[in-house]
Every structure is written in C-alpha cells, then in structure tokens.
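What follows is a short report on a single structure.
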Amino acid sequence: MSLLVSLLGAESTGKTDLARALVRRIERSGWFVAPGGALVVEEVLREFCDRHGRTPRRDEQADIAAEQTRRIRAAMARADVVVADTTALMTAVYSDFVFSDRSLYAPAAIDHRDSALTLVTALDLPWQPDGLQRDGPHVRAPVDALLREALAVHGFSYGVVAGQGEARVEAAWLAVVRLVRPSRAPLDLEGQGPPKRWSWLCERCGDPDCERDSHPVLGGRDDRR
C-alpha cells in the first residue's frame, strides 16, 4: 500500500521546494525497499499556466483537479511513498476564492481521502513572484483561511509546516516519522493495509499567527474532534 503525503498551502509558501526536498530526505533514510521508492507529483496548475500562457477559466478547474488526482494515483501505483505538490482540494479552494465556485469541494474531498498525511505550509516565507499562477501576497491569508476551513468541514487532520530552509524540511520529515513509526529496518508497506491517518496534536501550533511569529517546527491539529 503506497503512502501519500499531500502538501497544501497558499501561493509562495514553499510547497514545490518542500515536496522535492522531502522526497530526497525520505530516500536518504533507507526505509524503503528500492531506489526510487519515493516520488513527487508536481502541480498540474503550473503546467497548465506554462503551456497556455494564462490562468485557467472557471470551466477548466474541474479538469485540472481531476488530472491532479489521476497523476497522484498513477504515482501511488508505482512508488512506496508519494509526495504530492498539492491535491484537487487546493484546486477547489482556488475555484472558490477566484470564481466563488464551491462545486469542486465534494469530489476533491473524496479524492483527498487517499492522503495518509496532510501538511499545510505556513505563511512565514516571503512572497516571491513565480509565473502566472501567483496573484500577490495579499491573497495568501484568505486562501489559507479557506483551505483550513475546507479541511475542517471535511474532517481532515493536518499538520502545519513552518520554518526556514532545512528546518522546514525537517518539520515535514518529523511528521512522516510520527506517521509510520519506523524501526531501523527498511520499511515495506506491502500487506500492511492502509496507513493510519496522522492525528498528532501540538498545542503550540495550528494557529496562523503563531506560525508567523513563533518557532520553526511542525504543529498539528485534528479538526474531527
């Protein structure tokens, strides 16, 4: 059974760099049965914007979300661990924010249930321009709020990753460690059934103000309580 780690967050919060660095960290651990046991699934929206030279219309959002899920599931069929640089749930959040279209939440939530671990990237990194999919620093807080609302409404636990550089990677890595609780032996997920969903709660984090102003570690919350 493949383990899916999903990275969600507002724009310019380091999801792409974190996804790639986390896969390298997982591969260095030697837990998994073969080289290439961990894969990154890149963001479909970025590819769309680069290919078309524009951002998607409202009627194109559902196809982008579906393609993101298709690629994630294809990667899960090949690798022990998949780190997704966003999921369909993030597309649903942006469809709500940009177009006031909430119709994508329900199917995206169904797709997101493949995730064993959901990590939300904090707003503690400086905003940087990066192509057509970036709107500006002013959109990060409202998108972050919509994302957390969606996770809460649909009953998803999540952890919050904060910190600069390697500290951010280690925070995400700690979440993976807490999820799988490995021994020193390589971890073989075959035959173990679906991984348990992460539900560790850090009383110091999960609050956006805390994440911006406080310590660079990972916090978590479980909104299903």
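Labeling convention for the structure tokens: chains A, B, ... as they appear, residues from 1 per chain, ligands from 1 in order of appearance.
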With 12 Å as the cut-off and only C-alpha atoms counted, what is the closest atom pair between each nearby residue of stretch 82-105 of chain A and stretch 117-120 of chain A? Distances in Å to one decimal, ordered by chain and number, as a Markdown table.
```
| residue | atom | partner | partner_atom | distance |
| --- | --- | --- | --- | --- |
| A:Val82 | CA | A:Leu117 | CA | 10.6 |
| A:Val83 | CA | A:Leu117 | CA | 9.6 |
| A:Ala84 | CA | A:Thr118 | CA | 9.7 |
| A:Asp85 | CA | A:Leu119 | CA | 10.4 |
| A:Thr86 | CA | A:Val120 | CA | 9.7 |
| A:Thr87 | CA | A:Thr118 | CA | 9.9 |
| A:Leu89 | CA | A:Thr118 | CA | 11.0 |
| A:Met90 | CA | A:Val120 | CA | 10.6 |
```
Shell of 8 Å around stretch 107-112 of chain A, only C-alpha atoms, local chain residues under 5 positions omitted, as a PDB file with N, CA and C atoms, in the first residue's frame:
```pdb
ATOM      1  N   ALA A  65      -8.290  19.652 -11.548  1.00  0.00           N
ATOM      2  CA  ALA A  65      -8.388  18.868 -10.317  1.00  0.00           C
ATOM      3  C   ALA A  65      -8.354  17.372 -10.621  1.00  0.00           C
ATOM      4  N   THR A  69      -5.458  14.455  -9.491  1.00  0.00           N
ATOM      5  CA  THR A  69      -5.760  13.182  -8.826  1.00  0.00           C
ATOM      6  C   THR A  69      -5.284  12.006  -9.657  1.00  0.00           C
ATOM      7  N   THR A  87      -3.117  18.884  -4.076  1.00  0.00           N
ATOM      8  CA  THR A  87      -4.129  17.901  -4.483  1.00  0.00           C
ATOM      9  C   THR A  87      -5.332  18.652  -5.051  1.00  0.00           C
ATOM     10  N   ALA A  88      -6.331  17.892  -5.469  1.00  0.00           N
ATOM     11  CA  ALA A  88      -7.543  18.506  -6.009  1.00  0.00           C
ATOM     12  C   ALA A  88      -8.218  19.430  -5.000  1.00  0.00           C
ATOM     13  N   LEU A  89      -7.985  19.198  -3.723  1.00  0.00           N
ATOM     14  CA  LEU A  89      -8.608  20.058  -2.715  1.00  0.00           C
ATOM     15  C   LEU A  89      -8.106  21.495  -2.823  1.00  0.00           C
ATOM     16  N   ALA A  92      -9.922  23.148  -5.586  1.00  0.00           N
ATOM     17  CA  ALA A  92     -11.267  23.527  -5.135  1.00  0.00           C
ATOM     18  C   ALA A  92     -11.232  24.823  -4.341  1.00  0.00           C
ATOM     19  N   HIS A 154     -14.506  18.980   6.048  1.00  0.00           N
ATOM     20  CA  HIS A 154     -14.487  17.621   5.514  1.00  0.00           C
ATOM     21  C   HIS A 154     -13.779  16.625   6.429  1.00  0.00           C
TER      22      HIS A 154
END
```
Coordinates-based distance that separates atom CA of A:Ala19 from atom CA of A:Ala79 (Å, one decimal):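 Calculated distance between atom CA of A:Ala79 and atom CA of A:Ala19 is 14.9 Å.
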As a check of understanding: the span from atom CA of A:Ala172 to atom CA of A:Val5 is 9.6 Å
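Here atom CA of A:Thr121 is placed at a distance of 27.3 Å from atom CA of A:His52.
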Shortest contact to A:Leu146, candidates A:Ala167, A:Ala122, A:Val93, A:Val23, atoms counted only C-alpha atoms, goes to A:Val93
Give the answer as one residue: which of A:Ala152, A:Leu147, A:Ala21, A:Ala116 has the shortest atom-to-atom distance to A:Arg178, using only C-alpha atoms?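 Nearest candidate to A:Arg178 out of A:Ala152, A:Leu147, A:Ala21, A:Ala116: A:Ala116.
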As a ChimeraX atom specification, please: every residue in stretch 34-202 of chain A that a backbone DSSP assignment puts in strand (DSSP E). /A:38-41,81-85,117-121,158-161
Okay, now the selection with C-alpha atoms, as a CSV table (one decimal), in the first residue's frame?
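Output file out34.csv follows:
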```
chain,number,residue,atom,x,y,z
A,38,ALA,CA,9.5,7.9,-3.3
A,39,LEU,CA,8.1,10.1,-6.0
A,40,VAL,CA,7.0,13.7,-6.3
A,41,VAL,CA,3.8,14.6,-8.2
A,81,VAL,CA,5.8,6.9,-0.9
A,82,VAL,CA,4.3,9.7,-3.0
A,83,VAL,CA,4.6,13.4,-2.1
A,84,ALA,CA,2.0,15.5,-3.8
A,85,ASP,CA,2.7,19.1,-4.5
A,117,LEU,CA,-0.8,12.7,5.8
A,118,THR,CA,-1.8,16.2,5.0
A,119,LEU,CA,0.7,19.1,5.6
A,120,VAL,CA,-0.2,22.7,5.3
A,121,THR,CA,2.6,25.1,4.6
A,158,TYR,CA,-3.4,18.1,9.2
A,159,GLY,CA,-0.1,19.3,10.4
A,160,VAL,CA,1.4,22.8,9.8
A,161,VAL,CA,5.0,23.1,8.5
```
Pick out the closest residue to A:Val180 from this set: A:Ile64, A:Met76, A:Leu125, A:Leu3. Count only C-alpha atoms.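 Nearest candidate to A:Val180 out of A:Ile64, A:Met76, A:Leu125, A:Leu3: A:Leu3.
The list of residues with at least one atom within 10 Å of A:Glu67, based on only C-alpha atoms and without residues fewer than 3 positions apart in the same chain, reads A:Glu43, A:Val44, A:Leu45, A:Gln61, A:Ala62, A:Asp63, A:Ile64, A:Arg70, A:Arg71, A:Ile72, A:Arg73, A:Thr87, A:Ala88.
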Pick the closest to A:Ala66 from A:Trp173, A:Pro137, A:Thr91, A:Arg54: which is it, counting only C-alpha atoms?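 Using only C-alpha atoms, the shortest distance to A:Ala66 belongs to A:Thr91.
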Nearest residue to A:Val143 out of A:Trp31, A:Tyr94, A:Ala77, A:Arg46, using only C-alpha atoms?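 Once distances to A:Val143 are computed over only C-alpha atoms, the minimum belongs to A:Tyr94.
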